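A.B. asks: I'd like to ask some things about the structure below.
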Amino acid sequence: MPMVMMRNMEKNQTGTIVAVKVGGELGRRIREMGMVPGTVITIQGRAPLNDPVALRVMGGTLTLRNNEADNIEVEVQ
Amino acid sequence: MAAEIKIALAGNPNAGKTTLFNALTGARQHVGNYPGVTVEKKEGLYECQGRMVKIVDLPGTYSLTAYSVEEVVARDFLVGERPQVVINIVDAANLERNLYLSTQLFEMGIPTVIALNMMDVAGDRGISIDAKKLSGLLDVPVVPIVARTGQGLDELMRQTVDLALRDRPWQAADISYGADVDQTLLEMVEKIEAADFLTDIYTSRWTAIKLLEVDGQLREKGEAANRPLYEELGRMVERLSAHTFKTLETYPEAIIADYRYGYIKSILMQGVLSHKYDVNRLHTSDKIDRVLTHRFVGPLVMVAVLFALYQFTFGLSTLPMAWVGDFFALLTRGVNQIMAAGPLKSLIVSGIIAGVGGVLGFVPLIMLMFMGLAFLEDSGYLARVAFMLDRIFRVFGLHGNSVMAYIVSGGIAGGCAVPGVMATRTLRSRRERMATLLTAPFMNCGAKLPVMALLIGTFFAKYQAGFMLFLTILSWVVALLVAKFLRLTILKGDSTPFVMEMPPYRFPTFKGLLIHTWEKTWRYIQKAGTVILGISILMWVMMSYPGISKDDAQTIHQQRQEITEGFAPGDSTRQRLLAKLDSQQAELALRDSAAGHIGIFLEKISWLAGFNWRSNIALLGGVAAKEVIVSTLGTAYSMGDKNGVDSASLARTLVASPGWNPMVSISLLIFIMFYSPCFITVVCIAREAGSWRWGLFSIFFNTGFAFGLATLVYQLGLFLGFGG
């Protein structure tokens with residue numbers, strides 16, 4: 001199955017997080033919100049200016065900026 | 001009755017922590033600050049089985065790292081104050097993610113009770129949770145509750161008190177982080193225990209975990225406590241990091257986080273959690289979002305909502321603010337009748353009543369602003385505003401939520417910077433928040449409008465509406481550019497991650513809104529009231545003393561005698577001339593006062609921007625409150641005394657005065673828009689920023705900036721020949 005960076009995912013696309021390639025505060029924030037390898041995410045939509053992006057994670061909605069989503073590698077279904 | 005049991009309330013933002021706290025403590029709350037930071041500390045009392053329980057509401061956090069102030073505060077409270085039990089409130093509809101914080105409380109070892117909140121919402125979503133099984137697997141009491149209705153609260157508190165009375169020692173949970181990390185942890189714990197390294201504060205396993213997570217606060221404490229051991233442990237961490245990076249291309253910190261989630265998943269999968277529907281099924285809230293964050297409809301609705309907030313705050317507050325004003329006018333009249341003229345009366349009327357009235361006059365405005373804002377925040381809409389606007393505000397180093405503060409401050413002309421500065425509380429990231437609260441006073445607040453109307457009406461009557469619109473746009477442009485400048489200089493730093501939760505829409509509880517509003521308003525009255533009273537008296541002294549000079553007084557006295565002797569009492573010319581003389585006397589008294597001397601002295605510089613000493617005094621008065629500018633200008637041009645100024649005749653005087661021309665008025669407009677915020681705002685800035693230095697900064701930076709800009713425009717205008 002193809003691996004893509006989260007930024008490049010389309011609306012309503014679902015995938016499983018493979019890696020979070022960033023450390024420091026940003027990495028920690030991403031992980032503590034449940035975006036760890038193995039978590040299934042679905043792109044819910046994007047803001048009117050195309051950034052940030054909203055996603056479904058574990059039955060809730062999270063938002064992050066495109067340049068932050070650049071650090072998350074996803075295996076899409 | 002003294003509190004016998006102390007417990008803390010911890011949980012994620014949006015898990016219903018405040019609702020639970022309000023439900024438990026009701027009106028028996030006390031709000032303060034944690035020492036040294038601006039994070040609010042809420043304490044309350046609860047009575048259970050004849051025992052008083054003190055409940056401390058910790059700031060909402062997702063984690064217990066040392067990155068944000070909220071997390072450090074929560075952590076320091078737990079280890080420093082050692083509450084007997086921590087109630088960890090978790091959102092049942094978001095169990096997996098909420099348990100992440102719980103695992104860290106377990107690692108810390110503090111006795112914990114889990115309050116499984118919003119069981120009703122979870123039920124509606126087809127989520128069922130076996131609380132008993134969860135309790136067994138986690139080895140902590142788990143109590144299902146619905147904080148909004150109060151369901152399950154008695155049971156929750158019974159279990160909490162039971163656990164508190166057992167007085168169990170802290171014991172760190174033994175969660176596995178994989179073979180490599182576990183092995184190193186064991187070795188580290190051994191060394192930590194052998195040397196009693198920080199064991200008086202933390203459990204040894206927690207210390208080891210935090211060192212592996214490269215926790216800043218713990219590293220500092222560790223280095224201070226036992227440097228050789230700290231360095232030895234540091235080498236162990238480095239060895240493990242090198243190893244995991246070679247084999248797994250990752251660091252212990254990430255592995256630990258992954259395993260925490262793994263631990264949570266493994267527990268939930270043992271029959272604790274079951275879904276009737278697909279996990280990612282769209283709920284009502286998501287359907288609403290399809291409209292409210294829609295590419296085209298979303299921004300339109302947002303503009304409507306922001307406008308409605310503005311109308312609500314400023315529309316509804318007009319009447320109560322007039323009542324407060326009337327009350328103080330009545331008080332002034334009363335004092336005027338009872339007391340004989342003299343310095344004491346002047347102090348009471350112009351110093352004390354004007355100062356206290358100034359502070360209390362804002363109260364209706366602040367209450368409504370907090371209520372409207374709390375409604376937007378608690379309902380979940382504020383998170384959507386941030387989501388939609390983040391892209392624009394990020395360019396200027398701000399956050400999507402900065403828009404609230406700007407609008408309330410006067411982004412739609414006529415706001416007020418006092419509630420605007422307070423509205424920055426919804427921003428969680430410090431640098432963005434500071435940049436917002438320092439630039440919000442640039443907006444055209446309602447108090448600047450009379451003087452703006454006067455100047456525009458006098459010199460540019462034909463283009464009034466267009467000019468006003470232009471100045472509103474100018475205020476936004478300047479605020480955003482200065483924010484960018486601050487973020488590139490003194491508030492330099494990366495933007496705070498936007499990784500954020502979009503809570504489902506909820507209808508806020510009425511009780512919550514009232515408590516929130518009252519709390520914030522009361523704190524404003526207390527803090528602003530005391531400081532402003534002092535400043536108001538100081539301003540009064542400056543504008544009244546040393547008072548009219550002997551020579552001037554002599555001249556006035558002579559003229560008065562001439563008039564009274566020359567005309568019969570009741571003659572209308574006599575009345576007119578006497579009134580004019582009173583105005584002249586007021587002007588001279590002002591010129592001879594300390595403020596007058598300062599105004600004249602400042603002329604040496606202020607001529608660069610075209611301001612004479614009369615404008616200088618008015619601007620000085622404007623630092624106390626912008627409303628004062630017009631009346632002081634009137635007094636300085638002897639167009640009236642403190643009892644009122646006829647602005648139409650003031651306008652005629654200005655046009656006729658030498659040294660006044662359209663260019664001067666433009667320069668003055670610019671200066672008034674951007675110079676020092678009024679004192680009430682400065683006090684609020686200092687309080688919200690947590691230091692007086694920021695308050696002083698806003699006075700001097702803004703004034704310097706405004707003067708530079710006004711000078712630039714004025715000189716350019718003269719150069720281009722617009723001065724005539």
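Letters A, B, ... go to the chains of the structure tokens in the order shown; residues in each chain start at 1; ligands are counted from 1 in the same order.
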Could you give me, as a PDB file with all heavy atoms, in the first residue's frame, the residues within 9 Å of segment 20-31 of chain A, counting only C-alpha atoms and dropping anything in the same chain fewer than 2 positions from it?

C.D. replies:
```
ATOM      1  N   ILE A  17      -1.169   5.680  10.512  1.00  0.00           N
ATOM      2  CA  ILE A  17       0.093   6.390  10.704  1.00  0.00           C
ATOM      3  C   ILE A  17       1.237   5.386  10.814  1.00  0.00           C
ATOM      4  O   ILE A  17       1.140   4.373  11.527  1.00  0.00           O
ATOM      5  CB  ILE A  17       0.028   7.272  11.957  1.00  0.00           C
ATOM      6  CG1 ILE A  17      -1.004   8.381  11.748  1.00  0.00           C
ATOM      7  CG2 ILE A  17       1.393   7.876  12.283  1.00  0.00           C
ATOM      8  CD1 ILE A  17      -1.201   9.278  12.929  1.00  0.00           C
ATOM      9  N   VAL A  18       2.321   5.639  10.065  1.00  0.00           N
ATOM     10  CA  VAL A  18       3.474   4.747  10.079  1.00  0.00           C
ATOM     11  C   VAL A  18       4.591   5.360  10.919  1.00  0.00           C
ATOM     12  O   VAL A  18       5.247   4.669  11.702  1.00  0.00           O
ATOM     13  CB  VAL A  18       3.992   4.506   8.645  1.00  0.00           C
ATOM     14  CG1 VAL A  18       5.207   3.607   8.659  1.00  0.00           C
ATOM     15  CG2 VAL A  18       2.888   3.922   7.788  1.00  0.00           C
ATOM     16  N   MET A  33      -1.503  13.753  21.335  1.00  0.00           N
ATOM     17  CA  MET A  33      -2.882  13.810  20.866  1.00  0.00           C
ATOM     18  C   MET A  33      -3.297  12.482  20.226  1.00  0.00           C
ATOM     19  O   MET A  33      -4.373  12.388  19.639  1.00  0.00           O
ATOM     20  CB  MET A  33      -3.057  14.933  19.859  1.00  0.00           C
ATOM     21  CG  MET A  33      -2.862  16.309  20.450  1.00  0.00           C
ATOM     22  SD  MET A  33      -3.975  16.627  21.809  1.00  0.00           S
ATOM     23  CE  MET A  33      -5.019  17.839  21.073  1.00  0.00           C
ATOM     24  N   GLY A  34      -2.459  11.504  20.304  1.00  0.00           N
ATOM     25  CA  GLY A  34      -2.842  10.173  19.836  1.00  0.00           C
ATOM     26  C   GLY A  34      -2.374   9.835  18.442  1.00  0.00           C
ATOM     27  O   GLY A  34      -2.685   8.762  17.911  1.00  0.00           O
ATOM     28  N   MET A  35      -1.635  10.750  17.812  1.00  0.00           N
ATOM     29  CA  MET A  35      -1.137  10.437  16.474  1.00  0.00           C
ATOM     30  C   MET A  35       0.206   9.714  16.602  1.00  0.00           C
ATOM     31  O   MET A  35       1.270  10.306  16.474  1.00  0.00           O
ATOM     32  CB  MET A  35      -1.033  11.713  15.638  1.00  0.00           C
ATOM     33  CG  MET A  35      -2.409  12.228  15.237  1.00  0.00           C
ATOM     34  SD  MET A  35      -2.346  13.749  14.301  1.00  0.00           S
ATOM     35  CE  MET A  35      -2.312  14.954  15.601  1.00  0.00           C
ATOM     36  N   VAL A  36       0.104   8.420  16.881  1.00  0.00           N
ATOM     37  CA  VAL A  36       1.293   7.579  17.025  1.00  0.00           C
ATOM     38  C   VAL A  36       1.204   6.487  15.971  1.00  0.00           C
ATOM     39  O   VAL A  36       0.123   6.243  15.412  1.00  0.00           O
ATOM     40  CB  VAL A  36       1.357   6.953  18.437  1.00  0.00           C
ATOM     41  CG1 VAL A  36       1.587   8.021  19.487  1.00  0.00           C
ATOM     42  CG2 VAL A  36       0.102   6.168  18.750  1.00  0.00           C
ATOM     43  N   PRO A  37       2.320   5.819  15.645  1.00  0.00           N
ATOM     44  CA  PRO A  37       2.264   4.745  14.658  1.00  0.00           C
ATOM     45  C   PRO A  37       1.178   3.737  15.017  1.00  0.00           C
ATOM     46  O   PRO A  37       1.037   3.353  16.178  1.00  0.00           O
ATOM     47  CB  PRO A  37       3.659   4.131  14.734  1.00  0.00           C
ATOM     48  CG  PRO A  37       4.530   5.257  15.183  1.00  0.00           C
ATOM     49  CD  PRO A  37       3.687   6.084  16.092  1.00  0.00           C
ATOM     50  N   LEU A  64      -4.415  20.300  12.536  1.00  0.00           N
ATOM     51  CA  LEU A  64      -3.020  20.710  12.508  1.00  0.00           C
ATOM     52  C   LEU A  64      -2.694  21.367  11.183  1.00  0.00           C
ATOM     53  O   LEU A  64      -3.427  21.217  10.214  1.00  0.00           O
ATOM     54  CB  LEU A  64      -2.052  19.568  12.856  1.00  0.00           C
ATOM     55  CG  LEU A  64      -1.796  18.414  11.910  1.00  0.00           C
ATOM     56  CD1 LEU A  64      -0.619  17.611  12.419  1.00  0.00           C
ATOM     57  CD2 LEU A  64      -2.999  17.515  11.834  1.00  0.00           C
ATOM     58  N   GLU A  68       2.888  21.064   9.611  1.00  0.00           N
ATOM     59  CA  GLU A  68       3.035  20.114  10.708  1.00  0.00           C
ATOM     60  C   GLU A  68       2.693  18.709  10.235  1.00  0.00           C
ATOM     61  O   GLU A  68       3.323  17.724  10.634  1.00  0.00           O
ATOM     62  CB  GLU A  68       2.145  20.529  11.883  1.00  0.00           C
ATOM     63  CG  GLU A  68       2.618  21.824  12.533  1.00  0.00           C
ATOM     64  CD  GLU A  68       1.570  22.515  13.397  1.00  0.00           C
ATOM     65  OE1 GLU A  68       0.408  22.067  13.432  1.00  0.00           O
ATOM     66  OE2 GLU A  68       1.930  23.517  14.016  1.00  0.00           O
ATOM     67  N   ASP A  70       3.329  17.620   7.502  1.00  0.00           N
ATOM     68  CA  ASP A  70       4.455  17.178   6.689  1.00  0.00           C
ATOM     69  C   ASP A  70       5.347  16.170   7.395  1.00  0.00           C
ATOM     70  O   ASP A  70       6.130  15.480   6.758  1.00  0.00           O
ATOM     71  CB  ASP A  70       5.317  18.393   6.318  1.00  0.00           C
ATOM     72  CG  ASP A  70       4.993  18.914   4.951  1.00  0.00           C
ATOM     73  OD1 ASP A  70       4.362  18.149   4.190  1.00  0.00           O
ATOM     74  OD2 ASP A  70       5.363  20.055   4.640  1.00  0.00           O
ATOM     75  N   ASN A  71       5.245  16.131   8.716  1.00  0.00           N
ATOM     76  CA  ASN A  71       6.108  15.236   9.485  1.00  0.00           C
ATOM     77  C   ASN A  71       5.474  13.870   9.734  1.00  0.00           C
ATOM     78  O   ASN A  71       6.069  13.039  10.398  1.00  0.00           O
ATOM     79  CB  ASN A  71       6.433  15.872  10.831  1.00  0.00           C
ATOM     80  CG  ASN A  71       7.146  17.194  10.667  1.00  0.00           C
ATOM     81  OD1 ASN A  71       8.240  17.227  10.119  1.00  0.00           O
ATOM     82  ND2 ASN A  71       6.515  18.270  11.103  1.00  0.00           N
ATOM     83  N   ILE A  72       4.262  13.683   9.252  1.00  0.00           N
ATOM     84  CA  ILE A  72       3.563  12.441   9.570  1.00  0.00           C
ATOM     85  C   ILE A  72       3.406  11.593   8.317  1.00  0.00           C
ATOM     86  O   ILE A  72       2.818  12.039   7.323  1.00  0.00           O
ATOM     87  CB  ILE A  72       2.180  12.740  10.194  1.00  0.00           C
ATOM     88  CG1 ILE A  72       2.359  13.645  11.423  1.00  0.00           C
ATOM     89  CG2 ILE A  72       1.467  11.457  10.566  1.00  0.00           C
ATOM     90  CD1 ILE A  72       1.072  14.096  12.054  1.00  0.00           C
ATOM     91  N   GLU A  73       3.949  10.389   8.402  1.00  0.00           N
ATOM     92  CA  GLU A  73       3.881   9.497   7.251  1.00  0.00           C
ATOM     93  C   GLU A  73       2.717   8.527   7.444  1.00  0.00           C
ATOM     94  O   GLU A  73       2.543   7.969   8.526  1.00  0.00           O
ATOM     95  CB  GLU A  73       5.192   8.730   7.120  1.00  0.00           C
ATOM     96  CG  GLU A  73       5.385   8.124   5.762  1.00  0.00           C
ATOM     97  CD  GLU A  73       6.729   7.413   5.648  1.00  0.00           C
ATOM     98  OE1 GLU A  73       7.343   7.111   6.692  1.00  0.00           O
ATOM     99  OE2 GLU A  73       7.159   7.158   4.516  1.00  0.00           O
TER     100      GLU A  73
ATOM    101  N   TYR B  62      -3.091  17.982  28.242  1.00  0.00           N
ATOM    102  CA  TYR B  62      -3.142  16.677  27.582  1.00  0.00           C
ATOM    103  C   TYR B  62      -2.050  15.767  28.101  1.00  0.00           C
ATOM    104  O   TYR B  62      -2.015  14.591  27.810  1.00  0.00           O
ATOM    105  CB  TYR B  62      -2.965  16.843  26.077  1.00  0.00           C
ATOM    106  CG  TYR B  62      -4.100  17.587  25.423  1.00  0.00           C
ATOM    107  CD1 TYR B  62      -3.953  18.902  25.026  1.00  0.00           C
ATOM    108  CD2 TYR B  62      -5.333  16.961  25.224  1.00  0.00           C
ATOM    109  CE1 TYR B  62      -4.991  19.596  24.432  1.00  0.00           C
ATOM    110  CE2 TYR B  62      -6.375  17.644  24.640  1.00  0.00           C
ATOM    111  CZ  TYR B  62      -6.204  18.957  24.245  1.00  0.00           C
ATOM    112  OH  TYR B  62      -7.239  19.633  23.674  1.00  0.00           O
ATOM    113  N   SER B  63      -1.093  16.352  28.806  1.00  0.00           N
ATOM    114  CA  SER B  63       0.103  15.608  29.132  1.00  0.00           C
ATOM    115  C   SER B  63       0.751  16.220  30.369  1.00  0.00           C
ATOM    116  O   SER B  63       0.283  17.234  30.880  1.00  0.00           O
ATOM    117  CB  SER B  63       1.037  15.706  27.916  1.00  0.00           C
ATOM    118  OG  SER B  63       2.178  14.948  28.120  1.00  0.00           O
ATOM    119  N   THR B  65       4.258  16.881  30.452  1.00  0.00           N
ATOM    120  CA  THR B  65       5.629  17.233  30.087  1.00  0.00           C
ATOM    121  C   THR B  65       5.905  18.610  30.687  1.00  0.00           C
ATOM    122  O   THR B  65       5.080  19.158  31.387  1.00  0.00           O
ATOM    123  CB  THR B  65       5.791  17.330  28.563  1.00  0.00           C
ATOM    124  OG1 THR B  65       4.858  18.287  28.075  1.00  0.00           O
ATOM    125  CG2 THR B  65       5.525  16.001  27.901  1.00  0.00           C
ATOM    126  N   TYR B  67       6.559  21.348  28.835  1.00  0.00           N
ATOM    127  CA  TYR B  67       6.586  22.303  27.727  1.00  0.00           C
ATOM    128  C   TYR B  67       5.752  23.546  27.970  1.00  0.00           C
ATOM    129  O   TYR B  67       6.174  24.651  27.707  1.00  0.00           O
ATOM    130  CB  TYR B  67       6.146  21.636  26.420  1.00  0.00           C
ATOM    131  CG  TYR B  67       7.311  21.100  25.654  1.00  0.00           C
ATOM    132  CD1 TYR B  67       7.492  19.747  25.479  1.00  0.00           C
ATOM    133  CD2 TYR B  67       8.252  21.976  25.123  1.00  0.00           C
ATOM    134  CE1 TYR B  67       8.591  19.266  24.783  1.00  0.00           C
ATOM    135  CE2 TYR B  67       9.344  21.500  24.433  1.00  0.00           C
ATOM    136  CZ  TYR B  67       9.512  20.143  24.264  1.00  0.00           C
ATOM    137  OH  TYR B  67      10.581  19.688  23.585  1.00  0.00           O
ATOM    138  N   THR B 250      14.419   5.958  15.897  1.00  0.00           N
ATOM    139  CA  THR B 250      13.570   6.805  16.727  1.00  0.00           C
ATOM    140  C   THR B 250      14.216   6.983  18.093  1.00  0.00           C
ATOM    141  O   THR B 250      15.239   6.363  18.379  1.00  0.00           O
ATOM    142  CB  THR B 250      12.154   6.203  16.848  1.00  0.00           C
ATOM    143  OG1 THR B 250      11.358   7.062  17.644  1.00  0.00           O
ATOM    144  CG2 THR B 250      12.170   4.838  17.467  1.00  0.00           C
ATOM    145  N   TYR B 251      13.611   7.857  18.934  1.00  0.00           N
ATOM    146  CA  TYR B 251      14.205   8.156  20.226  1.00  0.00           C
ATOM    147  C   TYR B 251      13.343   7.621  21.359  1.00  0.00           C
ATOM    148  O   TYR B 251      12.145   7.406  21.178  1.00  0.00           O
ATOM    149  CB  TYR B 251      14.371   9.672  20.368  1.00  0.00           C
ATOM    150  CG  TYR B 251      15.393  10.208  19.412  1.00  0.00           C
ATOM    151  CD1 TYR B 251      15.015  10.867  18.257  1.00  0.00           C
ATOM    152  CD2 TYR B 251      16.750  10.024  19.672  1.00  0.00           C
ATOM    153  CE1 TYR B 251      15.971  11.341  17.367  1.00  0.00           C
ATOM    154  CE2 TYR B 251      17.715  10.493  18.788  1.00  0.00           C
ATOM    155  CZ  TYR B 251      17.315  11.156  17.639  1.00  0.00           C
ATOM    156  OH  TYR B 251      18.262  11.612  16.761  1.00  0.00           O
ATOM    157  N   GLU B 253      11.995   8.959  23.829  1.00  0.00           N
ATOM    158  CA  GLU B 253      10.827   9.799  24.086  1.00  0.00           C
ATOM    159  C   GLU B 253       9.624   9.345  23.245  1.00  0.00           C
ATOM    160  O   GLU B 253       8.518   9.187  23.755  1.00  0.00           O
ATOM    161  CB  GLU B 253      11.219  11.228  23.728  1.00  0.00           C
ATOM    162  CG  GLU B 253      10.153  12.233  23.972  1.00  0.00           C
ATOM    163  CD  GLU B 253      10.481  13.570  23.303  1.00  0.00           C
ATOM    164  OE1 GLU B 253      11.664  13.815  22.964  1.00  0.00           O
ATOM    165  OE2 GLU B 253       9.540  14.349  23.115  1.00  0.00           O
ATOM    166  N   ALA B 254       9.879   9.124  21.941  1.00  0.00           N
ATOM    167  CA  ALA B 254       8.799   8.699  21.048  1.00  0.00           C
ATOM    168  C   ALA B 254       8.349   7.281  21.383  1.00  0.00           C
ATOM    169  O   ALA B 254       7.147   6.979  21.350  1.00  0.00           O
ATOM    170  CB  ALA B 254       9.263   8.778  19.601  1.00  0.00           C
ATOM    171  N   ALA B 257       6.003   7.320  24.355  1.00  0.00           N
ATOM    172  CA  ALA B 257       4.654   7.786  23.993  1.00  0.00           C
ATOM    173  C   ALA B 257       3.899   6.680  23.248  1.00  0.00           C
ATOM    174  O   ALA B 257       2.730   6.411  23.532  1.00  0.00           O
ATOM    175  CB  ALA B 257       4.743   9.036  23.142  1.00  0.00           C
ATOM    176  N   ASP B 258       4.566   6.034  22.306  1.00  0.00           N
ATOM    177  CA  ASP B 258       3.915   4.965  21.543  1.00  0.00           C
ATOM    178  C   ASP B 258       3.447   3.838  22.458  1.00  0.00           C
ATOM    179  O   ASP B 258       2.341   3.319  22.321  1.00  0.00           O
ATOM    180  CB  ASP B 258       4.882   4.391  20.500  1.00  0.00           C
ATOM    181  CG  ASP B 258       5.252   5.424  19.447  1.00  0.00           C
ATOM    182  OD1 ASP B 258       4.654   6.519  19.486  1.00  0.00           O
ATOM    183  OD2 ASP B 258       6.130   5.140  18.612  1.00  0.00           O
ATOM    184  N   THR B 496       3.750  28.427  17.913  1.00  0.00           N
ATOM    185  CA  THR B 496       3.367  27.294  18.736  1.00  0.00           C
ATOM    186  C   THR B 496       2.589  26.308  17.868  1.00  0.00           C
ATOM    187  O   THR B 496       1.777  26.734  17.053  1.00  0.00           O
ATOM    188  CB  THR B 496       2.480  27.787  19.888  1.00  0.00           C
ATOM    189  OG1 THR B 496       3.090  28.947  20.434  1.00  0.00           O
ATOM    190  CG2 THR B 496       2.318  26.747  20.943  1.00  0.00           C
ATOM    191  N   PRO B 497       2.843  25.001  18.035  1.00  0.00           N
ATOM    192  CA  PRO B 497       2.118  24.043  17.199  1.00  0.00           C
ATOM    193  C   PRO B 497       0.610  24.250  17.270  1.00  0.00           C
ATOM    194  O   PRO B 497       0.073  24.598  18.318  1.00  0.00           O
ATOM    195  CB  PRO B 497       2.502  22.697  17.812  1.00  0.00           C
ATOM    196  CG  PRO B 497       3.811  22.924  18.453  1.00  0.00           C
ATOM    197  CD  PRO B 497       3.812  24.353  18.907  1.00  0.00           C
ATOM    198  N   PHE B 498      -0.047  24.058  16.139  1.00  0.00           N
ATOM    199  CA  PHE B 498      -1.484  24.255  16.062  1.00  0.00           C
ATOM    200  C   PHE B 498      -2.237  22.955  16.338  1.00  0.00           C
ATOM    201  O   PHE B 498      -3.440  22.918  16.270  1.00  0.00           O
ATOM    202  CB  PHE B 498      -1.849  24.801  14.678  1.00  0.00           C
ATOM    203  CG  PHE B 498      -3.248  25.328  14.591  1.00  0.00           C
ATOM    204  CD1 PHE B 498      -3.584  26.513  15.222  1.00  0.00           C
ATOM    205  CD2 PHE B 498      -4.226  24.656  13.891  1.00  0.00           C
ATOM    206  CE1 PHE B 498      -4.868  27.007  15.152  1.00  0.00           C
ATOM    207  CE2 PHE B 498      -5.519  25.146  13.815  1.00  0.00           C
ATOM    208  CZ  PHE B 498      -5.842  26.330  14.450  1.00  0.00           C
ATOM    209  N   VAL B 499      -1.488  21.896  16.656  1.00  0.00           N
ATOM    210  CA  VAL B 499      -2.127  20.614  16.929  1.00  0.00           C
ATOM    211  C   VAL B 499      -3.159  20.831  18.023  1.00  0.00           C
ATOM    212  O   VAL B 499      -2.825  21.137  19.155  1.00  0.00           O
ATOM    213  CB  VAL B 499      -1.097  19.575  17.398  1.00  0.00           C
ATOM    214  CG1 VAL B 499      -1.756  18.232  17.547  1.00  0.00           C
ATOM    215  CG2 VAL B 499       0.057  19.506  16.427  1.00  0.00           C
ATOM    216  N   MET B 500      -4.419  20.723  17.643  1.00  0.00           N
ATOM    217  CA  MET B 500      -5.478  21.183  18.518  1.00  0.00           C
ATOM    218  C   MET B 500      -6.681  20.282  18.382  1.00  0.00           C
ATOM    219  O   MET B 500      -6.883  19.656  17.360  1.00  0.00           O
ATOM    220  CB  MET B 500      -5.869  22.592  18.045  1.00  0.00           C
ATOM    221  CG  MET B 500      -6.252  23.545  19.092  1.00  0.00           C
ATOM    222  SD  MET B 500      -6.658  25.127  18.326  1.00  0.00           S
ATOM    223  CE  MET B 500      -8.110  24.729  17.397  1.00  0.00           C
TER     224      MET B 500
END
```

A.B. asks: Extract, using only C-alpha atoms, all DNA, RNA and protein residues at most 8 Å from segment 520-530 of chain B, discarding same-chain residues fewer than 5 positions from it, and format them as a PDB file with N, CA and C atoms, in the first residue's frame.

C.D. replies:
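So result-v7.pdb came out as:
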```pdb
ATOM      1  N   VAL B 356     -13.043  56.188  40.202  1.00  0.00           N
ATOM      2  CA  VAL B 356     -13.849  54.996  40.504  1.00  0.00           C
ATOM      3  C   VAL B 356     -14.946  54.827  39.463  1.00  0.00           C
ATOM      4  N   VAL B 359     -13.627  53.237  36.327  1.00  0.00           N
ATOM      5  CA  VAL B 359     -13.435  51.787  36.413  1.00  0.00           C
ATOM      6  C   VAL B 359     -14.775  51.065  36.368  1.00  0.00           C
ATOM      7  N   LEU B 360     -15.713  51.534  37.204  1.00  0.00           N
ATOM      8  CA  LEU B 360     -16.986  50.832  37.285  1.00  0.00           C
ATOM      9  C   LEU B 360     -17.817  51.007  36.014  1.00  0.00           C
ATOM     10  N   VAL B 363     -17.745  48.072  33.810  1.00  0.00           N
ATOM     11  CA  VAL B 363     -18.184  46.765  34.306  1.00  0.00           C
ATOM     12  C   VAL B 363     -19.253  46.085  33.440  1.00  0.00           C
ATOM     13  N   ILE B 366     -17.593  44.684  30.344  1.00  0.00           N
ATOM     14  CA  ILE B 366     -16.726  43.528  30.597  1.00  0.00           C
ATOM     15  C   ILE B 366     -17.549  42.283  30.878  1.00  0.00           C
ATOM     16  N   MET B 367     -18.621  42.455  31.661  1.00  0.00           N
ATOM     17  CA  MET B 367     -19.468  41.294  31.966  1.00  0.00           C
ATOM     18  C   MET B 367     -20.034  40.684  30.686  1.00  0.00           C
ATOM     19  N   PHE B 370     -17.311  38.964  28.510  1.00  0.00           N
ATOM     20  CA  PHE B 370     -16.928  37.650  29.035  1.00  0.00           C
ATOM     21  C   PHE B 370     -18.027  36.637  28.809  1.00  0.00           C
ATOM     22  N   ILE B 680      -6.259  52.196  32.382  1.00  0.00           N
ATOM     23  CA  ILE B 680      -6.996  50.969  32.721  1.00  0.00           C
ATOM     24  C   ILE B 680      -6.492  49.830  31.836  1.00  0.00           C
ATOM     25  N   VAL B 683      -3.033  48.713  32.997  1.00  0.00           N
ATOM     26  CA  VAL B 683      -3.135  47.843  34.173  1.00  0.00           C
ATOM     27  C   VAL B 683      -3.524  46.427  33.739  1.00  0.00           C
ATOM     28  N   CYS B 684      -4.461  46.346  32.812  1.00  0.00           N
ATOM     29  CA  CYS B 684      -4.893  45.021  32.332  1.00  0.00           C
ATOM     30  C   CYS B 684      -3.758  44.311  31.593  1.00  0.00           C
TER      31      CYS B 684
END
```

A.B. asks: Name the residues in contact with Leu198 of chain B at a cut-off of 12 Å, using only C-alpha atoms, excluding same-chain residues fewer than 5 positions from it; report them as JSON, numbers by chain.

C.D. replies: {"B": [79, 189, 191, 192, 193, 203, 204, 205, 206, 207, 208, 218, 219, 220, 221, 222, 223, 224, 225, 226, 227, 229, 230]}

A.B. asks: At a cut-off of 7 Å, using only C-alpha atoms, what residues contact Pro52 of chain A? Leave out same-chain residues fewer than 4 positions from it and give the result as a ChimeraX atom specification.

C.D. replies: /A:46-47,63-66 /B:387

A.B. asks: Of the residues B:Val72, B:Leu45, B:Ala636, B:Ile456, which is the one nearest to Gln217 of chain B, using only C-alpha atoms?

C.D. replies: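 Nearest to Gln217 of chain B: B:Val72.
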
A.B. asks: Between B:Phe197, B:Gly690, B:Gly361, B:Val664, single out the one closest to Phe722 of chain B, counting only C-alpha atoms.

C.D. replies: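 For Phe722 of chain B, the nearest of the candidates is B:Val664.
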
A.B. asks: Can you tell me, as an MDAnalysis selection string, which residues in segment 18-49 of chain A count as strand (DSSP E) by DSSP?

C.D. replies: chainID A and resid 18:20 40:46
